[in-house]
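So the structure is just underneath, and the comments pick up after that.
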Amino acid sequence: MPRRLIRKAAGFFRQPLWARCWLFPVWALLGLAKAAILIVPFHRIAPHLGRRMGVAPWIPLLAPAQEARALQIGRVVRLAARYTPWNSNCFPQAVAARVLLGLHGIPYVLNLGLMREPGTGELKAHAWVSAGRICVTGGASFGEFTAVGVFVAPALAATGQA
């Protein structure tokens with residue numbers, strides 16, 4: 001057990017300073033997002049995801065510094081999600097990424113999608129966030145899932161940029 005703790009601590013200190021500083025707050029944010037998803041009806045959460053823009057996919061344009069920060073946000077959200085004792089699947093990760101991107105003033109698009117499993121016909125849902133060319137959370141899911149809801153950063157929707 002001590003060797004495992006030493007290995008985990010060494011891995012933590014190998015992370016960039018930004019990720020080390022944000023790891024615990026993002027971990028807590030994932031917990032809050034998961035609790036909200038379980039307790040609060042979706043129609044109450046939806047207005048906080050961004051401005052609903054139908055189902056047309058959007059790709060906001062970002063400056064290089066914004067793309068770099070979006071990459072950092074995606075990495076720390078995925079890292080924190082690996083260490084939660086609860087299931088931090090795509091939707092809590094998308095909510096956490098949306099909050100962080102909003103805090104940093106980075107235009108984002110949060111997508112909710114569905115797909116039917118080819119063999120079984122089972123319906124699967126997925127949430128993913130993109131910022132410019134960066135897939136912040138959820139991977140490049142446009143090819144697999146059909147978007148049923150698109151939420152964009154409120155400032156982005158107000159300007160009409162995409």
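Residues are named by chain letter and number: chains run A, B, ... in the order of the structure tokens, numbers start at 1 in each chain, and ligands are numbered from 1 in the order shown.
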Could you name the residues that touch stretch 70-72 of chain A at 10 Å or less, counting only C-alpha atoms, but leaving out those on the same chain fewer than 2 positions away, as a list in words?
->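 Counting only C-alpha atoms, the residues come to Pro16, Trp18, Ala19, Trp22, Leu62, Pro64, Ala65, Gln66, Glu67, Ala68, Gly74, Arg75, Val76, Val77, Ala97, Leu100, Leu101, His104, Ile106, Pro107, Tyr108, Ser130, Ala131, Gly132, Arg133, Ile134, Cys135, Val136 and Thr137 of chain A.
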Using DSSP on the backbone, list every residue of chain A that comes out as helix (DSSP H, G or I), and give them as number ranges by chain.
-> A: 2-14, 17-39, 42-49, 64-82, 90-103, 154-159
Using DSSP on the backbone coordinates, identify all residues within chain A classified as strand (DSSP E); present the result as a ChimeraX atom specification.
-> /A:51-52,109-116,123-131,134-137,146-152
Would you mind reading off the distance between atom CA of A:Ala28 and atom CA of A:Arg7, one decimal, in Å?
->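 These atoms are spaced 22.9 Å apart.
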